[in-house]
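Written below as C-alpha cells is the structure these notes are about.
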Amino acid sequence: MQRLEHEGDIAADYLEELLDIADLDGDLDMDVEGDRASVQIGGADLSLLVGRNGEVLEALQELTRLAVYRETGERSRLMLDIDGYRAQQRERLVALAETSIAEVRESGESVSLEPMSAFERKVVHDAVAAAGLTSESEGAEPKRHVVILPA
C-alpha cells in the first residue's frame, strides 16, 4: 500500500509539472484502487489532454508510468483518468459487455467485439467474468479484440 501511495505521489508531482508547462489548470486526486495507484485530473476544459478516443490520455499515462519507473526502478501499473473520461468509458464498455453477454446466452455462439485498447479489453473481460462466462483476446495490436465465449 505504501509503495502504491509513493507511486501516486511521484505521478502527481510529474503531472503537476506538466500542467504548469502546458499552462493548464487541473485538480489532482490520488487514490489506490485494488493493486494499483490511480490519479485523476479534473478541472477546466482538459479535453486536449484526453484527445481523440483517449489517445493523448494513453500517451500521458505511459509517460507518467515512465516517470514513476525512473524514480523507483519498478514498473508501475498506475492508472490515469482525466475529466472522468475513463470512468465514462468504463460505463459504456460494461453496457456493451452486458448486451454482448445476453447475445451469447441467447444464441449459444461466441461474439467478437471491435478492436480495443488493453484498458478497454480488461473492463470487458472483468464484466464477462462477473457474469459467469469466459472471454479471450485475439489478434494483434492495433486490431486486438475480445471474443466472448458461450458457457
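Letters A, B, ... mark the chains of the C-alpha cells in the order given; residue numbers begin at 1 per chain; ligand numbers begin at 1, in order shown.
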
Check: Looking only at the backbone, which of the residues in chain A does DSSP tag as helix (DSSP H, G or I), as number ranges by chain?
Finding: A: 2-21, 47-50, 52-72, 85-107, 118-130

Check: Hey, what's within 10 Å of region 99-105 of chain A if we count only C-alpha atoms and toss same-chain stuff fewer than 2 positions away? As a list in words, please?
Finding: Leu93, Val94, Ala95, Leu96, Ala97, Ser107, Gly108, Glu109, Ser110, Val111, Ser112, Leu113, Val124, Ala127, Val128, Ala131, Gly132, Leu133, Thr134, Val147, Ile148, Leu149, Pro150 and Ala151 of chain A

Please save C-alpha atoms of the selected residues as a compact mmCIF listing (two decimals), in the first residue's frame.
# COMPACT_ATOMS: atom_id res chain seq x y z
CA LEU A 93 -17.94 -0.80 -22.03
CA VAL A 94 -19.80 -2.57 -19.23
CA ALA A 95 -23.08 -1.83 -21.04
CA LEU A 96 -21.58 -3.18 -24.30
CA ALA A 97 -20.38 -6.29 -22.49
CA SER A 107 -27.59 -17.61 -29.48
CA GLY A 108 -25.16 -20.02 -27.84
CA GLU A 109 -22.46 -18.71 -30.17
CA SER A 110 -19.37 -16.63 -29.45
CA VAL A 111 -19.41 -12.89 -30.14
CA SER A 112 -16.38 -10.90 -31.34
CA LEU A 113 -16.18 -7.25 -30.38
CA VAL A 124 -14.88 -6.18 -20.84
CA ALA A 127 -17.64 -7.82 -16.86
CA VAL A 128 -17.77 -11.15 -18.70
CA ALA A 131 -21.44 -12.70 -15.47
CA GLY A 132 -20.02 -16.23 -15.26
CA LEU A 133 -18.84 -16.53 -18.86
CA THR A 134 -15.36 -16.61 -20.34
CA VAL A 147 -14.26 -12.70 -28.03
CA ILE A 148 -17.00 -13.67 -25.56
CA LEU A 149 -17.48 -17.43 -25.42
CA PRO A 150 -20.66 -19.36 -24.60
CA ALA A 151 -20.81 -21.31 -21.33

Next item on the list: Identify, on the basis of only C-alpha atoms, every residue whose closest approach to Glu62 (chain A) does not exceed 12 Å; exclude the query and any residue fewer than 4 positions from it along the same chain; express the result as a PyMOL selection string.
Entry: chain A and resi 11+15+55-58+66-69+75-80

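The shortest atom-to-atom distance to Arg70 (chain A), with only C-alpha atoms taken into account, belongs to A:Glu7 out of A:Glu120, A:Glu7, A:Gly34, A:Asp25.
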
Note to self: Taking only C-alpha atoms into account, name the residue in A:Ala130, A:Leu28, A:Ile21, A:Leu63 that is nearest to Gly42 (chain A).
What the structure shows: A:Leu28

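Separating CA of Arg36 (chain A) from CA of Arg3 (chain A) is a distance of 9.6 Å.
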
I'd like the neighbourhood of Glu114 (chain A) as a PDB file with all heavy atoms, in the first residue's frame, where a residue qualifies if any of its atoms comes within 9 Å (using only C-alpha atoms), though same-chain residues fewer than 2 positions away should be ignored.
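See out32.pdb below for the written result:
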ATOM      1  N   SER A 112     -17.635 -11.665 -31.248  1.00  0.00           N
ATOM      2  CA  SER A 112     -16.385 -10.899 -31.339  1.00  0.00           C
ATOM      3  C   SER A 112     -16.715  -9.417 -31.305  1.00  0.00           C
ATOM      4  O   SER A 112     -17.615  -8.964 -32.012  1.00  0.00           O
ATOM      5  CB  SER A 112     -15.650 -11.212 -32.643  1.00  0.00           C
ATOM      6  OG  SER A 112     -15.210 -12.542 -32.649  1.00  0.00           O
ATOM      7  N   MET A 116      -9.972  -3.057 -29.384  1.00  0.00           N
ATOM      8  CA  MET A 116      -9.964  -2.198 -28.199  1.00  0.00           C
ATOM      9  C   MET A 116      -8.558  -2.082 -27.642  1.00  0.00           C
ATOM     10  O   MET A 116      -7.715  -2.940 -27.881  1.00  0.00           O
ATOM     11  CB  MET A 116     -10.855  -2.799 -27.104  1.00  0.00           C
ATOM     12  CG  MET A 116     -12.285  -2.957 -27.444  1.00  0.00           C
ATOM     13  SD  MET A 116     -13.145  -3.751 -26.072  1.00  0.00           S
ATOM     14  CE  MET A 116     -14.779  -3.812 -26.724  1.00  0.00           C
ATOM     15  N   LYS A 143      -5.386  -4.323 -33.763  1.00  0.00           N
ATOM     16  CA  LYS A 143      -6.679  -4.957 -34.037  1.00  0.00           C
ATOM     17  C   LYS A 143      -7.022  -6.031 -33.004  1.00  0.00           C
ATOM     18  O   LYS A 143      -7.874  -6.875 -33.253  1.00  0.00           O
ATOM     19  CB  LYS A 143      -6.680  -5.550 -35.441  1.00  0.00           C
ATOM     20  CG  LYS A 143      -6.540  -4.481 -36.500  1.00  0.00           C
ATOM     21  CD  LYS A 143      -6.743  -5.024 -37.874  1.00  0.00           C
ATOM     22  CE  LYS A 143      -6.478  -3.899 -38.851  1.00  0.00           C
ATOM     23  NZ  LYS A 143      -7.395  -3.777 -39.895  1.00  0.00           N
ATOM     24  N   ARG A 144      -6.374  -5.980 -31.847  1.00  0.00           N
ATOM     25  CA  ARG A 144      -6.650  -6.957 -30.793  1.00  0.00           C
ATOM     26  C   ARG A 144      -8.060  -6.707 -30.259  1.00  0.00           C
ATOM     27  O   ARG A 144      -8.440  -5.578 -30.010  1.00  0.00           O
ATOM     28  CB  ARG A 144      -5.607  -6.840 -29.685  1.00  0.00           C
ATOM     29  CG  ARG A 144      -5.570  -8.023 -28.768  1.00  0.00           C
ATOM     30  CD  ARG A 144      -4.173  -8.188 -28.182  1.00  0.00           C
ATOM     31  NE  ARG A 144      -4.137  -9.203 -27.151  1.00  0.00           N
ATOM     32  CZ  ARG A 144      -4.052 -10.500 -27.381  1.00  0.00           C
ATOM     33  NH1 ARG A 144      -4.003 -10.937 -28.620  1.00  0.00           N
ATOM     34  NH2 ARG A 144      -4.016 -11.357 -26.389  1.00  0.00           N
ATOM     35  N   HIS A 145      -8.832  -7.769 -30.106  1.00  0.00           N
ATOM     36  CA  HIS A 145     -10.226  -7.629 -29.723  1.00  0.00           C
ATOM     37  C   HIS A 145     -10.634  -8.746 -28.762  1.00  0.00           C
ATOM     38  O   HIS A 145      -9.923  -9.736 -28.600  1.00  0.00           O
ATOM     39  CB  HIS A 145     -11.128  -7.637 -30.962  1.00  0.00           C
ATOM     40  CG  HIS A 145     -11.053  -8.923 -31.734  1.00  0.00           C
ATOM     41  ND1 HIS A 145     -10.038  -9.202 -32.621  1.00  0.00           N
ATOM     42  CD2 HIS A 145     -11.856 -10.018 -31.725  1.00  0.00           C
ATOM     43  CE1 HIS A 145     -10.215 -10.394 -33.141  1.00  0.00           C
ATOM     44  NE2 HIS A 145     -11.316 -10.926 -32.616  1.00  0.00           N
ATOM     45  N   VAL A 146     -11.792  -8.586 -28.160  1.00  0.00           N
ATOM     46  CA  VAL A 146     -12.321  -9.552 -27.203  1.00  0.00           C
ATOM     47  C   VAL A 146     -13.336 -10.448 -27.902  1.00  0.00           C
ATOM     48  O   VAL A 146     -14.164  -9.973 -28.680  1.00  0.00           O
ATOM     49  CB  VAL A 146     -12.997  -8.846 -26.007  1.00  0.00           C
ATOM     50  CG1 VAL A 146     -13.675  -9.857 -25.073  1.00  0.00           C
ATOM     51  CG2 VAL A 146     -11.990  -8.014 -25.226  1.00  0.00           C
TER      52      VAL A 146
END

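Distance check against Arg86 (chain A) using only C-alpha atoms: of A:Gly54, A:Asp35, A:Arg121, A:Leu48, the minimum falls on A:Gly54.
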
Check: DSSP says strand (DSSP E or B) for which residues of chain A? Put them as number ranges by chain?
Finding: A: 27-33, 36-42, 79-82, 111-115, 134-138, 145-149

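The space separating CA of Ala44 (chain A) from CA of Ala59 (chain A) comes to 20.3 Å.
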
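The protein and nucleic acid residues lying at most 12 Å from Gly43 (chain A) are Leu19, Leu24, Asp25, Gly26, Asp27, Leu28, Asp29, Ser47, Leu49, Ile82, Asp83 and Gly84 of chain A, with only C-alpha atoms considered and sequence neighbours fewer than 4 positions away removed.
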
Margin query: Could you list, as an NGL selection string, every residue within 9 Å of Val32 (chain A), counting only C-alpha atoms and ignoring same-chain residues fewer than 2 positions away?
Written below: :A and (1 or 4-5 or 8 or 30 or 34-39)
